[in-house]
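Notes to accompany the following structure.
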Amino acid sequence: AFSPLSDGEGGDGLRQEGRTKLDQLAAATTERLITLDFSRGWYAAPCHTRSLLQSGRPTALSYTSCGRNIVCGFCSGQLQVWSAASLTLEKTLSAHSDSVYGLTPSPRHAPYESRIVSCSADQTLRVWSCQGWYVEQHIHDLRCDRSGVTGVAFSNAGDWLLSVGTELCIWRVIPGRKGRIYLGLHQRLSSILGGDGVRSVAFGKGDAIAVGSRDGVLDIMTKHPGPPPDPA
């Protein structure tokens, strides 16, 4: 995972929008968390490592949108929150009852504070506030099969969220009181899924959705005016 304030080219460690600009690449092995600081170029990039403290096999990795933390998910369902700057463990969360399959940070310019959404083989999505690291919303997708919810992604503006299970679900990100947000189910898409299921999904410009299926089919979907079918 690349740090959200980096451009992937290497920079000069300047500050952007009042935040420390970290040009980092983070990766995880079965035993260690690794970061490469390429702010002065790839050839001189220092490498820092820390032990993952026997938390099981890492299955997902993401920076928070503010760039302050690295979040690592594990096959045990646990999440670890690390400081991106010092690479010290700040928090351990009992997030799910089965393997964490995906993590997605809210976009940096979303009109709300930084969030992380996790998804798991336990058929659930969890919305985490990055200020205090508490669960803001817990969603159980009862239509999932044994694979659970295998992927999740925010739209570029942060007003939509995709989740991948037996069906592709589109969630509307709804602002609430006191800065909270909620996910409301907007639409379910099952007819576009290939016989082998979805492999990956991503949002693009104008909220277009790219869906890659395990059978080698790539679908591109665009947003149209009007109400969707009843998602219930």
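Residue numbering restarts at 1 for every chain of the structure tokens, chains are lettered A, B, ... in their displayed order, and ligands are numbered from 1 as they appear.
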
| request: Mind checking which residues fall within 9 Å of Ile34 (chain A), counting only C-alpha atoms, ignoring those fewer than 4 positions away in the same chain, and posting them as a list in words? | output: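 Once the adjacent positions are removed, what remains is Leu25, Ala26, Ala27, Ala28, Thr29, Cys47, His48, Thr49, Arg50 and Leu87 of chain A.
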
| query | Where in region 110-218 of chain A does DSSP assign strand (DSSP E or B), given as an NGL selection string? | reply | :A and (115-120 or 124-129 or 134-140 or 151-154 or 160-164 or 168-175 or 181-189 or 198-203 or 209-213 or 218)

| task | Enumerate as a ChimeraX atom specification all residues of region 142-205 of chain A assigned to helix (DSSP H, G or I) by DSSP on the backbone, naming them with the chain letters and numbers the document uses. | result | /A:177-179,205

Take the residues from that selection and write them out as a PDB file, in the first residue's frame, keeping N, CA and C atoms.
```
ATOM      1  N   ARG A 177     -25.641  12.909  12.545  1.00  0.00           N
ATOM      2  CA  ARG A 177     -25.420  13.934  13.558  1.00  0.00           C
ATOM      3  C   ARG A 177     -24.069  13.754  14.223  1.00  0.00           C
ATOM      4  N   LYS A 178     -23.520  14.865  14.701  1.00  0.00           N
ATOM      5  CA  LYS A 178     -22.252  14.886  15.437  1.00  0.00           C
ATOM      6  C   LYS A 178     -21.104  14.274  14.643  1.00  0.00           C
ATOM      7  N   GLY A 179     -21.135  14.469  13.323  1.00  0.00           N
ATOM      8  CA  GLY A 179     -20.033  14.014  12.489  1.00  0.00           C
ATOM      9  C   GLY A 179     -20.024  12.547  12.148  1.00  0.00           C
ATOM     10  N   LYS A 205     -13.709   7.535 -12.497  1.00  0.00           N
ATOM     11  CA  LYS A 205     -14.212   8.889 -12.690  1.00  0.00           C
ATOM     12  C   LYS A 205     -15.714   8.863 -12.934  1.00  0.00           C
TER      13      LYS A 205
END
```

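Between CA of Asp141 (chain A) and CA of Ser76 (chain A) there is a distance of 19.6 Å.
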
| query | Can you tell me, as a PyMOL selection string, what residues are no more than 12 Å from Ser62 (chain A) when counting only C-alpha atoms, ignoring any on the same chain fewer than 3 positions away? | reply | chain A and resi 1-4+24-28+33+58-59+65-73+79-82+84+101-106+115-118+153
